[in-house]
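Okay, data-v4.cif is below, mmCIF, C-alpha atoms:
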```
data_run
loop_
_atom_site.group_PDB
_atom_site.id
_atom_site.type_symbol
_atom_site.label_atom_id
_atom_site.label_comp_id
_atom_site.auth_asym_id
_atom_site.auth_seq_id
_atom_site.Cartn_x
_atom_site.Cartn_y
_atom_site.Cartn_z
ATOM 1 C CA MET A 1 -20.624 -17.833 25.924
ATOM 2 C CA TYR A 2 -22.088 -14.361 25.521
ATOM 3 C CA GLY A 3 -24.674 -15.213 28.166
ATOM 4 C CA TRP A 4 -21.839 -16.078 30.519
ATOM 5 C CA ILE A 5 -20.128 -12.740 29.847
ATOM 6 C CA TRP A 6 -23.394 -10.895 30.348
ATOM 7 C CA ARG A 7 -24.012 -12.578 33.696
ATOM 8 C CA HIS A 8 -20.492 -11.765 34.887
ATOM 9 C CA LEU A 9 -20.584 -8.086 34.007
ATOM 10 C CA PRO A 10 -21.236 -5.904 37.031
ATOM 11 C CA GLY A 11 -24.054 -3.434 37.461
ATOM 12 C CA ASN A 12 -27.593 -3.225 36.180
ATOM 13 C CA ALA A 13 -28.716 -3.811 32.604
ATOM 14 C CA TRP A 14 -27.662 -0.349 31.414
ATOM 15 C CA VAL A 15 -24.179 -0.644 32.868
ATOM 16 C CA LYS A 16 -23.905 -4.113 31.393
ATOM 17 C CA ALA A 17 -24.993 -2.861 27.974
ATOM 18 C CA LEU A 18 -22.457 -0.056 28.112
ATOM 19 C CA LEU A 19 -19.669 -2.404 29.161
ATOM 20 C CA SER A 20 -20.646 -4.848 26.407
ATOM 21 C CA LEU A 21 -20.437 -2.064 23.865
ATOM 22 C CA LEU A 22 -17.000 -1.056 25.128
ATOM 23 C CA LEU A 23 -15.841 -4.673 24.992
ATOM 24 C CA ALA A 24 -17.117 -5.020 21.429
ATOM 25 C CA LEU A 25 -15.324 -1.819 20.387
ATOM 26 C CA ALA A 26 -12.116 -3.035 22.010
ATOM 27 C CA VAL A 27 -12.368 -6.294 20.077
ATOM 28 C CA VAL A 28 -12.936 -4.435 16.794
ATOM 29 C CA TYR A 29 -9.957 -2.197 17.549
ATOM 30 C CA VAL A 30 -7.666 -5.154 18.208
ATOM 31 C CA LEU A 31 -8.886 -6.851 15.022
ATOM 32 C CA PHE A 32 -8.353 -3.793 12.801
ATOM 33 C CA GLN A 33 -5.092 -2.762 14.378
ATOM 34 C CA TYR A 34 -3.312 -6.057 14.855
ATOM 35 C CA VAL A 35 -5.117 -9.162 13.640
ATOM 36 C CA PHE A 36 -6.222 -8.128 10.138
ATOM 37 C CA PRO A 37 -2.931 -6.469 9.138
ATOM 38 C CA TRP A 38 -1.225 -9.670 10.190
ATOM 39 C CA ALA A 39 -3.673 -11.954 8.398
ATOM 40 C CA GLU A 40 -3.975 -10.015 5.159
ATOM 41 C CA PRO A 41 -0.606 -10.849 3.562
ATOM 42 C CA LEU A 42 -1.302 -14.529 4.245
ATOM 43 C CA LEU A 43 -4.384 -14.394 2.032
ATOM 44 C CA PRO A 44 -4.100 -14.363 -1.749
ATOM 45 C CA PHE A 45 -6.071 -11.185 -2.495
ATOM 46 C CA ASN A 46 -3.595 -8.386 -2.895
ATOM 47 C CA ASP A 47 -0.646 -9.397 -5.038
ATOM 48 C CA VAL A 48 -0.502 -6.863 -7.792
ATOM 49 C CA THR A 49 2.946 -7.231 -9.309
ATOM 50 C CA VAL A 50 4.261 -9.545 -11.963
ATOM 51 C CA ASP A 51 7.225 -11.125 -10.278
ATOM 52 C CA GLY A 52 7.408 -14.751 -11.264
ATOM 53 C CA GLN A 53 6.969 -15.954 -7.711
ATOM 54 C CA MET B 54 -29.371 -14.534 27.875
ATOM 55 C CA ALA B 55 -31.803 -17.258 26.888
ATOM 56 C CA ALA B 56 -31.015 -19.084 30.123
ATOM 57 C CA THR B 57 -31.882 -16.101 32.311
ATOM 58 C CA THR B 58 -35.262 -15.552 30.683
ATOM 59 C CA GLU B 59 -36.070 -19.223 31.120
ATOM 60 C CA GLU B 60 -35.178 -19.041 34.777
ATOM 61 C CA ASP B 61 -37.249 -15.914 35.191
ATOM 62 C CA GLU B 62 -40.223 -17.603 33.607
ATOM 63 C CA GLN B 63 -39.795 -20.625 35.839
ATOM 64 C CA GLU B 64 -39.685 -18.437 38.938
ATOM 65 C CA ARG B 65 -42.732 -16.549 37.840
ATOM 66 C CA ALA B 66 -44.534 -19.800 37.151
ATOM 67 C CA GLU B 67 -43.610 -21.074 40.632
ATOM 68 C CA ARG B 68 -44.802 -17.875 42.266
ATOM 69 C CA ALA B 69 -48.073 -18.109 40.369
ATOM 70 C CA GLY B 70 -48.689 -21.378 42.238
ATOM 71 C CA GLU B 71 -50.402 -24.589 41.208
ATOM 72 C CA SER B 72 -52.622 -23.060 38.535
ATOM 73 C CA ALA B 73 -49.710 -22.781 36.080
ATOM 74 C CA PRO B 74 -48.747 -26.002 34.276
ATOM 75 C CA LYS B 75 -45.580 -27.502 35.667
ATOM 76 C CA PRO B 76 -42.601 -27.554 33.296
ATOM 77 C CA ALA B 77 -41.750 -31.029 32.060
ATOM 78 C CA PRO B 78 -38.914 -32.603 34.024
ATOM 79 C CA ARG B 79 -35.638 -32.255 32.187
ATOM 80 C CA GLN B 80 -33.955 -35.293 30.797
ATOM 81 C CA PRO B 81 -30.491 -35.772 32.259
ATOM 82 C CA GLY B 82 -27.676 -34.602 29.961
ATOM 83 C CA ARG B 83 -29.934 -32.480 27.805
ATOM 84 C CA GLY B 84 -28.728 -29.232 29.365
ATOM 85 C CA ARG B 85 -25.142 -29.962 28.573
ATOM 86 C CA ILE B 86 -25.893 -30.720 24.920
ATOM 87 C CA ALA B 87 -28.075 -27.641 24.597
ATOM 88 C CA MET B 88 -25.262 -25.590 26.072
ATOM 89 C CA ALA B 89 -22.715 -27.077 23.661
ATOM 90 C CA VAL B 90 -24.995 -26.379 20.706
ATOM 91 C CA SER B 91 -25.600 -22.822 21.824
ATOM 92 C CA VAL B 92 -21.883 -22.151 22.319
ATOM 93 C CA PHE B 93 -21.203 -23.643 18.885
ATOM 94 C CA GLY B 94 -23.854 -21.402 17.371
ATOM 95 C CA GLU B 95 -22.395 -18.365 19.064
ATOM 96 C CA LEU B 96 -18.957 -19.264 17.732
ATOM 97 C CA LEU B 97 -20.387 -19.522 14.211
ATOM 98 C CA ILE B 98 -22.058 -16.143 14.549
ATOM 99 C CA THR B 99 -18.818 -14.701 15.857
ATOM 100 C CA ALA B 100 -16.888 -16.125 12.921
ATOM 101 C CA GLY B 101 -19.405 -14.605 10.513
ATOM 102 C CA VAL B 102 -19.147 -11.208 12.137
ATOM 103 C CA ILE B 103 -15.337 -11.357 12.063
ATOM 104 C CA LEU B 104 -15.356 -12.242 8.356
ATOM 105 C CA GLY B 105 -17.718 -9.340 7.712
ATOM 106 C CA LEU B 106 -15.396 -7.042 9.619
ATOM 107 C CA PHE B 107 -12.475 -8.323 7.577
ATOM 108 C CA VAL B 108 -14.262 -7.396 4.369
ATOM 109 C CA ALA B 109 -14.919 -3.929 5.766
ATOM 110 C CA TYR B 110 -11.275 -3.714 6.762
ATOM 111 C CA SER B 111 -9.978 -4.805 3.355
ATOM 112 C CA LEU B 112 -12.226 -2.727 1.168
ATOM 113 C CA TRP B 113 -12.770 0.356 3.275
ATOM 114 C CA TRP B 114 -10.450 0.832 6.212
ATOM 115 C CA THR B 115 -7.216 0.093 4.309
ATOM 116 C CA ASN B 116 -8.289 2.762 1.793
ATOM 117 C CA VAL B 117 -8.790 5.295 4.577
ATOM 118 C CA ILE B 118 -5.351 4.554 6.014
ATOM 119 C CA ALA B 119 -3.592 4.412 2.635
ATOM 120 C CA ASP B 120 -5.147 7.616 1.314
ATOM 121 C CA ARG B 121 -4.109 9.432 4.462
ATOM 122 C CA GLU B 122 -0.544 8.146 4.115
ATOM 123 C CA ALA B 123 -0.379 8.882 0.369
ATOM 124 C CA LYS B 124 -1.598 12.414 0.987
ATOM 125 C CA LYS B 125 1.028 12.960 3.650
ATOM 126 C CA GLN B 126 3.830 11.646 1.444
ATOM 127 C CA GLY B 127 2.515 13.543 -1.574
ATOM 128 C CA ASN B 128 2.473 16.806 0.344
ATOM 129 C CA ARG B 129 6.026 16.156 1.454
ATOM 130 C CA VAL B 130 7.108 15.650 -2.151
ATOM 131 C CA ARG B 131 5.422 18.885 -3.226
ATOM 132 C CA ASP B 132 7.034 20.734 -0.324
ATOM 133 C CA HIS B 133 10.417 19.424 -1.422
ATOM 134 C CA TRP B 134 9.743 20.623 -4.927
ATOM 135 C CA GLU B 135 8.890 24.077 -3.704
ATOM 136 C CA ALA B 136 11.870 24.306 -1.407
ATOM 137 C CA LYS B 137 14.480 23.227 -3.918
ATOM 138 C CA GLY B 138 15.419 24.776 -7.206
ATOM 139 C CA PRO B 139 15.466 22.852 -10.456
ATOM 140 C CA GLY B 140 17.534 19.723 -10.501
ATOM 141 C CA ALA B 141 17.429 15.986 -10.774
ATOM 142 C CA ILE B 142 14.332 14.065 -9.710
ATOM 143 C CA ASP B 143 14.328 13.460 -5.991
ATOM 144 C CA THR B 144 13.628 9.788 -5.329
ATOM 145 C CA LYS B 145 13.599 9.773 -1.563
ATOM 146 C CA ASP B 146 9.913 10.300 -0.840
ATOM 147 C CA GLY B 147 8.532 9.872 -4.303
ATOM 148 C CA ILE B 148 9.485 10.830 -7.807
ATOM 149 C CA GLY B 149 6.269 12.452 -8.911
ATOM 150 C CA PHE B 150 2.599 12.008 -9.625
ATOM 151 C CA LEU B 151 0.678 9.958 -12.120
ATOM 152 C CA HIS B 152 -2.464 11.417 -13.671
ATOM 153 C CA VAL B 153 -4.754 9.103 -15.576
ATOM 154 C CA PRO B 154 -7.970 11.011 -16.305
ATOM 155 C CA SER B 155 -9.777 7.994 -17.759
ATOM 156 C CA MET B 156 -9.137 5.988 -14.582
ATOM 157 C CA THR B 157 -9.215 8.423 -11.672
ATOM 158 C CA GLY B 158 -9.721 12.101 -11.049
ATOM 159 C CA GLY B 159 -6.994 12.260 -8.435
ATOM 160 C CA GLU B 160 -3.263 12.072 -8.645
ATOM 161 C CA ILE B 161 -1.251 8.992 -7.717
ATOM 162 C CA LEU B 162 2.060 9.384 -5.964
ATOM 163 C CA VAL B 163 4.839 7.306 -7.501
ATOM 164 C CA THR B 164 7.524 5.911 -5.218
ATOM 165 C CA LYS B 165 10.359 3.459 -5.562
ATOM 166 C CA GLY B 166 9.774 -0.262 -5.275
ATOM 167 C CA THR B 167 6.806 -2.575 -5.483
ATOM 168 C CA ASN B 168 6.952 -4.475 -2.215
ATOM 169 C CA THR B 169 3.721 -4.833 -0.283
ATOM 170 C CA LYS B 170 4.676 -2.382 2.412
ATOM 171 C CA THR B 171 5.365 0.377 -0.102
ATOM 172 C CA LEU B 172 2.222 -0.213 -2.141
ATOM 173 C CA ASN B 173 0.097 -0.351 0.992
ATOM 174 C CA HIS B 174 0.781 3.362 1.431
ATOM 175 C CA GLY B 175 -1.673 4.034 -1.375
ATOM 176 C CA VAL B 176 0.934 4.793 -3.996
ATOM 177 C CA ALA B 177 2.048 3.361 -7.317
ATOM 178 C CA GLY B 178 5.510 1.848 -7.157
ATOM 179 C CA TYR B 179 8.000 1.541 -9.972
ATOM 180 C CA TYR B 180 9.624 -1.850 -10.342
ATOM 181 C CA THR B 181 13.136 -2.470 -9.082
ATOM 182 C CA ALA B 182 12.780 -6.242 -9.573
ATOM 183 C CA PRO B 183 12.508 -8.599 -11.411
ATOM 184 C CA ILE B 184 13.133 -6.150 -14.258
ATOM 185 C CA LYS B 185 14.358 -2.736 -13.265
ATOM 186 C CA SER B 186 12.145 0.087 -14.412
ATOM 187 C CA ALA B 187 13.451 2.970 -16.456
ATOM 188 C CA LEU B 188 12.570 6.444 -15.215
ATOM 189 C CA PRO B 189 10.577 8.914 -17.305
ATOM 190 C CA GLN B 190 13.578 11.143 -17.932
ATOM 191 C CA ASP B 191 15.656 8.246 -19.293
ATOM 192 C CA GLU B 192 16.353 8.384 -23.010
ATOM 193 C CA LYS B 193 15.070 4.881 -23.621
ATOM 194 C CA GLY B 194 13.301 2.218 -21.621
ATOM 195 C CA ASN B 195 10.116 1.168 -19.928
ATOM 196 C CA PHE B 196 8.715 3.008 -16.910
ATOM 197 C CA THR B 197 6.919 0.140 -15.148
ATOM 198 C CA LEU B 198 4.449 0.681 -12.307
ATOM 199 C CA ALA B 199 2.259 -1.383 -10.008
ATOM 200 C CA ALA B 200 -0.520 -0.360 -7.621
ATOM 201 C CA HIS B 201 -3.403 -1.944 -5.742
ATOM 202 C CA ARG B 202 -6.643 -2.811 -7.471
ATOM 203 C CA ASP B 203 -8.661 -3.091 -4.229
ATOM 204 C CA GLY B 204 -7.973 -1.809 -0.758
ATOM 205 C CA HIS B 205 -4.882 0.109 0.359
ATOM 206 C CA GLY B 206 -5.892 3.090 -1.726
ATOM 207 C CA ALA B 207 -7.045 0.994 -4.700
ATOM 208 C CA LYS B 208 -5.241 3.418 -6.986
ATOM 209 C CA PHE B 209 -5.585 1.253 -10.087
ATOM 210 C CA HIS B 210 -9.117 0.077 -9.305
ATOM 211 C CA LYS B 211 -10.581 1.351 -12.564
ATOM 212 C CA ILE B 212 -7.699 0.311 -14.779
ATOM 213 C CA ASP B 213 -10.235 -1.385 -17.037
ATOM 214 C CA LYS B 214 -11.643 2.066 -17.911
ATOM 215 C CA ILE B 215 -8.426 2.942 -19.726
ATOM 216 C CA ASP B 216 -8.787 2.582 -23.488
ATOM 217 C CA GLU B 217 -6.293 2.747 -26.277
ATOM 218 C CA GLY B 218 -5.577 6.366 -27.119
ATOM 219 C CA ASP B 219 -6.132 7.632 -23.570
ATOM 220 C CA PRO B 220 -3.439 9.836 -22.045
ATOM 221 C CA ILE B 221 -1.311 8.948 -19.050
ATOM 222 C CA VAL B 222 0.551 11.932 -17.641
ATOM 223 C CA PHE B 223 3.461 11.750 -15.274
ATOM 224 C CA GLU B 224 4.268 14.910 -13.373
ATOM 225 C CA SER B 225 7.784 15.429 -12.089
ATOM 226 C CA ARG B 226 9.193 18.565 -10.536
ATOM 227 C CA ASP B 227 10.111 20.163 -13.848
ATOM 228 C CA LYS B 228 8.346 18.208 -16.555
ATOM 229 C CA TRP B 229 5.044 16.800 -17.681
ATOM 230 C CA TYR B 230 5.572 13.494 -19.457
ATOM 231 C CA VAL B 231 2.571 12.813 -21.657
ATOM 232 C CA TYR B 232 2.122 9.178 -22.648
ATOM 233 C CA LYS B 233 -0.540 7.707 -24.882
ATOM 234 C CA VAL B 234 -1.968 4.252 -24.275
ATOM 235 C CA TYR B 235 -1.544 2.027 -27.315
ATOM 236 C CA LYS B 236 -2.300 -1.425 -25.931
ATOM 237 C CA THR B 237 -4.103 -3.055 -23.014
ATOM 238 C CA LEU B 238 -3.838 -6.667 -21.888
ATOM 239 C CA PRO B 239 -6.845 -7.517 -19.696
ATOM 240 C CA GLU B 240 -5.503 -10.814 -18.410
ATOM 241 C CA THR B 241 -2.091 -12.381 -18.149
ATOM 242 C CA SER B 242 -0.228 -14.675 -15.802
ATOM 243 C CA LYS B 243 1.565 -13.221 -12.834
ATOM 244 C CA TYR B 244 4.655 -15.047 -14.087
ATOM 245 C CA ASN B 245 4.630 -13.040 -17.284
ATOM 246 C CA VAL B 246 7.454 -10.666 -16.347
ATOM 247 C CA ARG B 247 8.199 -10.045 -20.026
ATOM 248 C CA VAL B 248 5.524 -7.327 -19.989
ATOM 249 C CA LEU B 249 8.084 -5.233 -18.097
ATOM 250 C CA ASP B 250 10.788 -5.572 -20.749
ATOM 251 C CA PRO B 251 12.474 -2.369 -21.942
ATOM 252 C CA ILE B 252 10.858 -3.146 -25.292
ATOM 253 C CA PRO B 253 7.584 -4.891 -24.312
ATOM 254 C CA LYS B 254 7.217 -7.136 -27.344
ATOM 255 C CA GLU B 255 3.874 -8.533 -26.220
ATOM 256 C CA SER B 256 2.353 -5.096 -26.758
ATOM 257 C CA GLY B 257 3.552 -5.119 -30.330
ATOM 258 C CA ALA B 258 6.467 -2.805 -29.643
ATOM 259 C CA LYS B 259 9.445 -3.450 -31.864
ATOM 260 C CA LYS B 260 11.936 -0.698 -31.328
ATOM 261 C CA SER B 261 13.518 0.972 -28.396
ATOM 262 C CA ASP B 262 11.423 3.893 -27.144
ATOM 263 C CA ARG B 263 10.129 5.508 -23.949
ATOM 264 C CA TYR B 264 7.332 3.299 -22.721
ATOM 265 C CA ILE B 265 5.121 3.252 -19.633
ATOM 266 C CA THR B 266 3.564 0.075 -18.228
ATOM 267 C CA LEU B 267 0.852 -0.109 -15.575
ATOM 268 C CA THR B 268 0.243 -3.441 -13.854
ATOM 269 C CA THR B 269 -2.289 -4.501 -11.239
ATOM 270 C CA CYS B 270 -4.272 -7.581 -10.335
ATOM 271 C CA THR B 271 -7.435 -8.784 -12.000
ATOM 272 C CA PRO B 272 -10.310 -9.712 -11.761
ATOM 273 C CA VAL B 273 -11.308 -7.259 -9.027
ATOM 274 C CA PHE B 274 -11.113 -8.582 -5.463
ATOM 275 C CA THR B 275 -8.737 -11.359 -6.481
ATOM 276 C CA SER B 276 -5.138 -11.812 -7.494
ATOM 277 C CA ASN B 277 -5.560 -14.568 -10.041
ATOM 278 C CA TYR B 278 -4.192 -12.670 -13.037
ATOM 279 C CA ARG B 279 -2.529 -9.409 -13.943
ATOM 280 C CA TYR B 280 -3.925 -6.522 -15.948
ATOM 281 C CA VAL B 281 -1.432 -4.608 -18.066
ATOM 282 C CA VAL B 282 -1.668 -1.245 -19.838
ATOM 283 C CA TRP B 283 1.077 0.024 -22.132
ATOM 284 C CA GLY B 284 1.703 3.563 -23.281
ATOM 285 C CA LYS B 285 4.312 5.373 -25.288
ATOM 286 C CA LEU B 286 5.740 8.826 -24.643
ATOM 287 C CA GLU B 287 4.203 11.426 -26.914
ATOM 288 C CA ARG B 288 5.859 14.598 -25.726
ATOM 289 C CA VAL B 289 7.425 16.295 -22.744
ATOM 290 C CA GLU B 290 6.271 19.692 -21.525
ATOM 291 C CA LYS B 291 8.093 21.991 -19.192
ATOM 292 C CA VAL B 292 6.293 22.808 -15.954
ATOM 293 C CA ASP B 293 5.575 26.533 -15.780
ATOM 294 C CA ASN B 294 5.347 28.697 -12.685
ATOM 295 C CA GLU B 295 1.639 28.023 -12.149
ATOM 296 C CA ARG B 296 2.108 24.301 -12.804
ATOM 297 C CA THR B 297 -0.485 24.588 -15.547
ATOM 298 C CA PRO B 298 -1.375 21.020 -16.453
ATOM 299 C CA PRO B 299 -1.065 19.904 -20.073
ATOM 300 C CA ARG B 300 -4.263 19.966 -22.135
ATOM 301 C CA GLU B 301 -4.832 16.240 -21.598
ATOM 302 C CA LEU B 302 -5.665 16.956 -17.959
ATOM 303 C CA SER B 303 -7.863 19.997 -18.384
#
```
Output the file's structure as structure tokens, nothing else.
Amino acid sequence: MYGWIWRHLPGNAWVKALLSLLLALAVVYVLFQYVFPWAEPLLPFNDVTVDGQ
Amino acid sequence: MAATTEEDEQERAERAGESAPKPAPRQPGRGRIAMAVSVFGELLITAGVILGLFVAYSLWWTNVIADREAKKQGNRVRDHWEAKGPGAIDTKDGIGFLHVPSMTGGEILVTKGTNTKTLNHGVAGYYTAPIKSALPQDEKGNFTLAAHRDGHGAKFHKIDKIDEGDPIVFESRDKWYVYKVYKTLPETSKYNVRVLDPIPKESGAKKSDRYITLTTCTPVFTSNYRYVVWGKLERVEKVDNERTPPRELS
């Protein structure tokens, strides 16, 4: 999987490394900005009120 | 990556000629299985990394975001206070600040409502449901608050550091409301809404008075139970021009 991505990135090893880093950062951004805020309320970690529900 | 190095080695071995030992002929189908296993392994690693990132998100990043938001809202409240003369408590942005020296050095903005979206701003919310909270200036009743234990500002993280006799001070535009903790309940069911009653009988209270109730989840990092702290109003001080805090905070 990652090998496949690595082979399909253009450029020499340095360019590939840089692009990989950018890809990883983009993934982290998407996770923090969209995926985790969506997933968090579905998990039972942060209910702090007494509400009888 | 592993595949490329293998290929490289093979090429090198071929270039080196007959002296190098020939690689064993591959069994048919082996490559596909090896590939499947390696992809599976990479997926597992990926899942682990994502879970790690989620922990970082929950316990660190949400605090960064919430503290920023709470600061912004808090500044807005203070600006409002400066701009306007004396009057009723303004509930639009927030009604004031909670100071609990035994729990946290900072101030906690108090806003209306306890839904997730509100509390995620790194504030303490006063209950509007299931039992409506009284406000500090009300003659009688229970001022009931909730805030996060972990993440999203984690304003009540150290609620377990509050002991009986400790002060809880609520700061409004014109008044300091000084409460004294008289009872803590380290573990109760989340269905136990009676703790929010105007006269919280579970704390031993019998008569109508001006109470404050802090609720959050417990144990830390979970939401299995609720932690409750009760206090009773001791006195009210007028805010002076320098906003000198009452002696409990100095």
| task | Check what the PyMOL selection byres ((chain B) within 8 of (chain A)) selects in the file above and give those residues as a list in words. | result |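 Evaluating the PyMOL selection byres ((chain B) within 8 of (chain A)) on this file yields Met54, Ala55, Ala56, Val92, Glu95, Phe107, Tyr110, Thr167, Thr169, Ala182, Pro183, Ala199, Ala200, His201, Arg202, Asp203, Ser242, Lys243, Tyr244, Asn245, Val246, Thr268, Thr269, Cys270, Phe274, Thr275, Ser276 and Arg279 of chain B.
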| Which distance in Å separates CA of Ile212 in chain B and CA of His152 in chain B, to one decimal? |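 It comes out at 12.3 Å.
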May I have the protein, DNA and RNA residues with any atom at most 9 Å from the point (7.3, 10.8, -11.2), counting only C-alpha atoms, written as a compact mmCIF listing (two decimals) with C-alpha atoms, in the coordinates of the input?
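New file out06.txt:
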```txt
# COMPACT_ATOMS: atom_id res chain seq x y z
CA ILE B 142 14.33 14.06 -9.71
CA THR B 144 13.63 9.79 -5.33
CA GLY B 147 8.53 9.87 -4.30
CA ILE B 148 9.48 10.83 -7.81
CA GLY B 149 6.27 12.45 -8.91
CA PHE B 150 2.60 12.01 -9.62
CA LEU B 151 0.68 9.96 -12.12
CA LEU B 162 2.06 9.38 -5.96
CA VAL B 163 4.84 7.31 -7.50
CA THR B 164 7.52 5.91 -5.22
CA LEU B 188 12.57 6.44 -15.22
CA PRO B 189 10.58 8.91 -17.30
CA PHE B 223 3.46 11.75 -15.27
CA GLU B 224 4.27 14.91 -13.37
CA SER B 225 7.78 15.43 -12.09
CA ARG B 226 9.19 18.57 -10.54
CA TYR B 230 5.57 13.49 -19.46
```
With all atoms of range 232-238 of chain B from the file as input, state the centre and edge lengths in Å to one decimal of the axis-aligned box that has 6 Å extra on each side, as lines of an AutoDock Vina configuration file.
```
center_x = -1.0
center_y = 1.3
center_z = -24.6
size_x = 18.2
size_y = 27.8
size_z = 17.4
```
| task | Measure the distance from CA of Glu122 in chain B to CA of Lys208 in chain B in Å and round it to one decimal. | result |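 Separation between CA of Glu122 in chain B and CA of Lys208 in chain B: 12.9 Å.
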| query | Which residues match the PyMOL selection byres ((chain B and resi 267) around 10) in the file above, as number ranges by chain? | reply | A: 49; B: 177-179, 196-200, 209, 212, 221, 237, 248-249, 265-266, 268-269, 280-284
| Pick from B:Gly101, B:Gly127, B:Gly194, B:Pro299 nearest to Trp229 in chain B, counting only C-alpha atoms |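 Among the listed residues, B:Pro299 lies closest to Trp229 in chain B.
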| request: Give the answer as one residue: which of B:Gly204, B:Gly257, B:Glu240, B:Asp293 has the shortest atom-to-atom distance to Ser111 in chain B, using all atoms listed in the file? | output: B:Gly204
| field | Atom-to-atom span, CA of Tyr264 in chain B and CA of Asp191 in chain B, Å | value |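 Those two atoms sit 10.3 Å apart.
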Please return range 10-29 of chain A, rebuilt to N, CA and C atoms, as a PDB file, in the frame of the given file.
```pdb
ATOM      1  N   PRO A  10     -20.629  -6.506  35.844  1.00  0.00           N
ATOM      2  CA  PRO A  10     -21.236  -5.904  37.031  1.00  0.00           C
ATOM      3  C   PRO A  10     -22.326  -4.897  36.659  1.00  0.00           C
ATOM      4  N   GLY A  11     -23.105  -4.524  37.632  1.00  0.00           N
ATOM      5  CA  GLY A  11     -24.054  -3.434  37.461  1.00  0.00           C
ATOM      6  C   GLY A  11     -25.399  -3.896  36.929  1.00  0.00           C
ATOM      7  N   ASN A  12     -26.268  -2.902  36.707  1.00  0.00           N
ATOM      8  CA  ASN A  12     -27.593  -3.225  36.180  1.00  0.00           C
ATOM      9  C   ASN A  12     -27.527  -3.343  34.661  1.00  0.00           C
ATOM     10  N   ALA A  13     -28.685  -3.530  34.038  1.00  0.00           N
ATOM     11  CA  ALA A  13     -28.716  -3.811  32.604  1.00  0.00           C
ATOM     12  C   ALA A  13     -28.041  -2.710  31.793  1.00  0.00           C
ATOM     13  N   TRP A  14     -28.248  -1.444  32.201  1.00  0.00           N
ATOM     14  CA  TRP A  14     -27.662  -0.349  31.414  1.00  0.00           C
ATOM     15  C   TRP A  14     -26.137  -0.374  31.487  1.00  0.00           C
ATOM     16  N   VAL A  15     -25.637  -0.574  32.706  1.00  0.00           N
ATOM     17  CA  VAL A  15     -24.179  -0.644  32.868  1.00  0.00           C
ATOM     18  C   VAL A  15     -23.628  -1.817  32.063  1.00  0.00           C
ATOM     19  N   LYS A  16     -24.332  -2.935  32.150  1.00  0.00           N
ATOM     20  CA  LYS A  16     -23.905  -4.113  31.393  1.00  0.00           C
ATOM     21  C   LYS A  16     -23.870  -3.828  29.899  1.00  0.00           C
ATOM     22  N   ALA A  17     -24.926  -3.165  29.410  1.00  0.00           N
ATOM     23  CA  ALA A  17     -24.993  -2.861  27.974  1.00  0.00           C
ATOM     24  C   ALA A  17     -23.825  -1.974  27.575  1.00  0.00           C
ATOM     25  N   LEU A  18     -23.549  -0.973  28.409  1.00  0.00           N
ATOM     26  CA  LEU A  18     -22.457  -0.056  28.112  1.00  0.00           C
ATOM     27  C   LEU A  18     -21.122  -0.792  28.088  1.00  0.00           C
ATOM     28  N   LEU A  19     -20.921  -1.644  29.102  1.00  0.00           N
ATOM     29  CA  LEU A  19     -19.669  -2.404  29.161  1.00  0.00           C
ATOM     30  C   LEU A  19     -19.551  -3.339  27.959  1.00  0.00           C
ATOM     31  N   SER A  20     -20.677  -3.958  27.569  1.00  0.00           N
ATOM     32  CA  SER A  20     -20.646  -4.848  26.407  1.00  0.00           C
ATOM     33  C   SER A  20     -20.211  -4.086  25.167  1.00  0.00           C
ATOM     34  N   LEU A  21     -20.772  -2.884  25.024  1.00  0.00           N
ATOM     35  CA  LEU A  21     -20.437  -2.064  23.865  1.00  0.00           C
ATOM     36  C   LEU A  21     -18.945  -1.752  23.865  1.00  0.00           C
ATOM     37  N   LEU A  22     -18.426  -1.373  25.026  1.00  0.00           N
ATOM     38  CA  LEU A  22     -17.000  -1.056  25.128  1.00  0.00           C
ATOM     39  C   LEU A  22     -16.152  -2.282  24.790  1.00  0.00           C
ATOM     40  N   LEU A  23     -16.570  -3.435  25.298  1.00  0.00           N
ATOM     41  CA  LEU A  23     -15.841  -4.673  24.992  1.00  0.00           C
ATOM     42  C   LEU A  23     -15.831  -4.935  23.497  1.00  0.00           C
ATOM     43  N   ALA A  24     -17.020  -4.767  22.871  1.00  0.00           N
ATOM     44  CA  ALA A  24     -17.117  -5.020  21.429  1.00  0.00           C
ATOM     45  C   ALA A  24     -16.195  -4.075  20.667  1.00  0.00           C
ATOM     46  N   LEU A  25     -16.184  -2.793  21.061  1.00  0.00           N
ATOM     47  CA  LEU A  25     -15.324  -1.819  20.387  1.00  0.00           C
ATOM     48  C   LEU A  25     -13.853  -2.182  20.562  1.00  0.00           C
ATOM     49  N   ALA A  26     -13.510  -2.637  21.766  1.00  0.00           N
ATOM     50  CA  ALA A  26     -12.116  -3.035  22.010  1.00  0.00           C
ATOM     51  C   ALA A  26     -11.733  -4.196  21.098  1.00  0.00           C
ATOM     52  N   VAL A  27     -12.653  -5.144  20.948  1.00  0.00           N
ATOM     53  CA  VAL A  27     -12.368  -6.294  20.077  1.00  0.00           C
ATOM     54  C   VAL A  27     -12.170  -5.833  18.633  1.00  0.00           C
ATOM     55  N   VAL A  28     -13.053  -4.942  18.164  1.00  0.00           N
ATOM     56  CA  VAL A  28     -12.936  -4.435  16.794  1.00  0.00           C
ATOM     57  C   VAL A  28     -11.605  -3.702  16.620  1.00  0.00           C
ATOM     58  N   TYR A  29     -11.224  -2.929  17.625  1.00  0.00           N
ATOM     59  CA  TYR A  29      -9.957  -2.197  17.549  1.00  0.00           C
ATOM     60  C   TYR A  29      -8.783  -3.162  17.401  1.00  0.00           C
TER      61      TYR A  29
END
```
